[in-house]
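Here's the structure we're looking at; comments come further down.
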Amino acid sequence: MAQPAWQDDPAPLPVDTAPVPEYGRGSLADLLPTLVAGQGVPGFTAAITELTPADRNCVFLIDGLGWEQIRSHPDEAPFLHSLLPTSRGGTGRPVTAGFPATTATSLASVGTGLPPGEHGLPGYTVRNPATGALMNQLRWRPWSEPKVWQPYPTVFTLADAAGVRTAQVSAPGFEQTPLTKVALSGGSFLGRLTGEDRMDVAAQRLAAGDRSLVYTYYSEVDGMGHRFGVDSDAWRGQLMHVDGLARRLAEQLPPRSALYITADHGMIDIPFDEQSRIDFDEDWELRAGVALLGGEGRARHVYAVPGAEADVLAVWREVLGEQFWVASRDEAVAAGWFGPRIDERVIGRIGDVIAAAHDDVVITASDNEPHESAMVGMHGSMTPVEQLVPLLEVRS
């Protein structure tokens with residue numbers, strides 16, 4: 001006798017149902033190549049076809065401010081909200097961050113113009129195949145030679161060599177970091193402490209050349225989201241502040257300029273309960289056969305003990321498959337999660353198993369990742385709230 005449907009075990013989420021980022025036509029990796037192609041820099045094509053070329057281009061990246069957050073907060077961000085119809089060349093559509101939707105990966109995608117599978121920063125923490133240890137790619141710990149880890153030149157470097165006046169305007173402490181060197185270097189770095197100073201200097205540098213490319217950055221929206229959540233007064237206060245910064249920059253644009261306001265990822269608040277926060281360090285079933293747990297709560301790289309890869313995949317899919325897209329490395333690569341191509345040096349950095357959250361849930365590690373496990377706001381996966389980012393436009 002057939003078993004009633006209500007008694008069937010729910011099937012795991014199929015890998016091919018994950019919404020893969022729009023690599024090659026509408027992702028963060030396509031932004032700078034599109035802009036510099038319009039400025040006549042050789043070797044680049046305009047992948048985001050909706051954008052109109054400008055002689056002077058400025059990118060203002062607001063860490064953690066996804067498309068859904070702007071749409072949901074018209075009162076706190078009236079200027080940014082008013083620009084939503086301009087996104088992606090006036091189509092009123094977002095672009096995608098890339099997988100995982102996390103800062104190190106996204107900044108590398110922006111600066112190199114390459115998807116994660118090529119630039120090689122495919123997560124918050126990933127295994128270094130040369131040492132077997134986890135490497136934090138945001139903080140660059142333990143240290144690895146930057147130009148070996150990410151050997152490609154940045155778009156800034158190539159644009160500067162082609163005669164485009166190029167600058168990055170950010171917090172002074174970022175100037176010498178390995179992440180800046182591999183992802184955002186080229187031309188001039190101008191360190192400014194306050195957001196207001198960054199906006200003013202960005203506008204000045206934009207006017208300094210007949211063709212110019214300026215990047216500026218603000219981090220505290222993300223910081224408040226992690227600490228207090230995107231449903232907090234502290235986060236809303238930062239949103240109001242950055243809305244004013246964006247308006248300040250827009251009002252100073254020199255002639256023949258285009259300003260693009262974007263982000264590296266969105267964010268979602270995760271409740272502090274056992275159903276929403278699955279603690280890997282306390283779960284013997286998930287730990288079985290696992291040598292290293294990388295990534296972050298909503299986008300995990302799982303590195304198996306040699307020989308245990310198939311068993312780890314089976315267990316993670318059985319335990320988590322209704323709430324996460326759970327894929328083997330080969331399945332994730334074939335599905336294009338990290339881009340259409342994967343460099344050979346990058347393969348071993350990707351987990352034997354990758355778990356990307358579908359539901360409002362995270363995999364924490366309370367013993368080994370106490371700081372990250374205590375965060376309210378999270379990101380990393382391919383859901384719209386994390387993956388979709390604005391590409392708001394102001395032209396002069």
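By order in the structure tokens, chains are A, B, ...; within a chain, residues start at 1; ligands start at 1, following the order shown.
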Report task. Check the DSSP output for the backbone and give back, as a VMD selection string, the residues of range 241-373 of chain A in alpha helix (DSSP H). Result -> chain A and resid 241 to 250 284 to 287 309 to 320 329 to 335 344 to 347 370 to 373
Selected residues, C-alpha atoms, written as a PDB file, in the first residue's frame, please.
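So part.pdb came out as:
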ATOM      1  CA  HIS A 241      23.117  59.214   8.094  1.00  0.00           C
ATOM      2  CA  VAL A 242      24.243  57.458   4.932  1.00  0.00           C
ATOM      3  CA  ASP A 243      21.206  58.778   3.067  1.00  0.00           C
ATOM      4  CA  GLY A 244      22.496  62.253   3.835  1.00  0.00           C
ATOM      5  CA  LEU A 245      25.997  61.296   2.695  1.00  0.00           C
ATOM      6  CA  ALA A 246      24.702  60.033  -0.635  1.00  0.00           C
ATOM      7  CA  ARG A 247      22.759  63.263  -1.180  1.00  0.00           C
ATOM      8  CA  ARG A 248      25.859  65.305  -0.249  1.00  0.00           C
ATOM      9  CA  LEU A 249      27.936  63.525  -2.894  1.00  0.00           C
ATOM     10  CA  ALA A 250      25.222  63.707  -5.540  1.00  0.00           C
ATOM     11  CA  TRP A 284      27.382  15.578  16.711  1.00  0.00           C
ATOM     12  CA  GLU A 285      25.539  14.614  13.547  1.00  0.00           C
ATOM     13  CA  LEU A 286      26.723  17.623  11.548  1.00  0.00           C
ATOM     14  CA  ARG A 287      30.250  17.368  12.982  1.00  0.00           C
ATOM     15  CA  GLU A 309      33.018  13.562   1.539  1.00  0.00           C
ATOM     16  CA  ALA A 310      30.027  11.515   0.355  1.00  0.00           C
ATOM     17  CA  ASP A 311      28.907  10.720   3.888  1.00  0.00           C
ATOM     18  CA  VAL A 312      29.131  14.357   4.995  1.00  0.00           C
ATOM     19  CA  LEU A 313      27.118  15.446   1.963  1.00  0.00           C
ATOM     20  CA  ALA A 314      24.452  12.834   2.678  1.00  0.00           C
ATOM     21  CA  VAL A 315      24.121  13.790   6.352  1.00  0.00           C
ATOM     22  CA  TRP A 316      24.063  17.549   5.761  1.00  0.00           C
ATOM     23  CA  ARG A 317      21.495  17.106   3.017  1.00  0.00           C
ATOM     24  CA  GLU A 318      19.348  14.880   5.224  1.00  0.00           C
ATOM     25  CA  VAL A 319      19.541  17.129   8.287  1.00  0.00           C
ATOM     26  CA  LEU A 320      19.457  20.544   6.606  1.00  0.00           C
ATOM     27  CA  ARG A 329      31.650  21.103  -4.616  1.00  0.00           C
ATOM     28  CA  ASP A 330      31.136  19.653  -8.107  1.00  0.00           C
ATOM     29  CA  GLU A 331      27.409  20.406  -8.005  1.00  0.00           C
ATOM     30  CA  ALA A 332      27.919  23.994  -6.861  1.00  0.00           C
ATOM     31  CA  VAL A 333      30.574  24.600  -9.507  1.00  0.00           C
ATOM     32  CA  ALA A 334      28.435  23.048 -12.244  1.00  0.00           C
ATOM     33  CA  ALA A 335      25.450  25.142 -11.168  1.00  0.00           C
ATOM     34  CA  GLU A 344      42.431  25.703 -10.694  1.00  0.00           C
ATOM     35  CA  ARG A 345      44.026  27.472  -7.726  1.00  0.00           C
ATOM     36  CA  VAL A 346      40.546  28.200  -6.330  1.00  0.00           C
ATOM     37  CA  ILE A 347      39.037  24.684  -6.458  1.00  0.00           C
ATOM     38  CA  PRO A 370      31.734  33.244  19.347  1.00  0.00           C
ATOM     39  CA  HIS A 371      31.748  36.757  17.852  1.00  0.00           C
ATOM     40  CA  GLU A 372      30.066  35.773  14.590  1.00  0.00           C
ATOM     41  CA  SER A 373      27.597  33.509  16.392  1.00  0.00           C
TER      42      SER A 373
END
Check which residues of range 29-59 of chain A sit at most 9 Å from range 205-208 of chain A using only C-alpha atoms, and return one row each with the closest pair of atoms and their distance in Å to one decimal, ordered by chain and rising number, as a Markdown table.
| residue | atom | partner | partner_atom | distance |
| --- | --- | --- | --- | --- |
| A:Arg56 | CA | A:Leu206 | CA | 6.2 |
| A:Asn57 | CA | A:Leu206 | CA | 7.3 |
| A:Cys58 | CA | A:Leu206 | CA | 7.0 |
field: Long-range neighbours of Asp30 in chain A as a ChimeraX atom specification, 7 Å cut-off, only C-alpha atoms, 6 positions minimum in chain
entry: /A:24,47-48,113
Residues near Val15 in chain A, anyone? I mean within 9 Å using only C-alpha atoms, not counting same-chain ones fewer than 2 positions away, as a ChimeraX atom specification. /A:12-13,17-18,325-327,331-332,335
Legend entry - Long-range neighbours of range 388-396 of chain A as a VMD selection string, 8 Å cut-off, only C-alpha atoms, 2 positions minimum in chain: chain A and resid 65 to 68 80 83 to 90 93 to 97 250 253 to 266 384 to 386
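Checking A:Gly38, A:Gly336, A:Ser144, A:Met375 one by one against Pro129 in chain A, counting only C-alpha atoms, you find the shortest gap at A:Ser144.
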Worksheet entry | Secondary structure check, strand (DSSP E or B) residues of range 93-304 of chain A, as a PyMOL selection string | chain A and resi 95-96+125-127+134-136+141+165-170+188-191+212-218+257-262+268-269+277-279+290-296+299-304
From CA of Tyr215 in chain A to CA of Phe44 in chain A the spacing works out at 18.3 Å
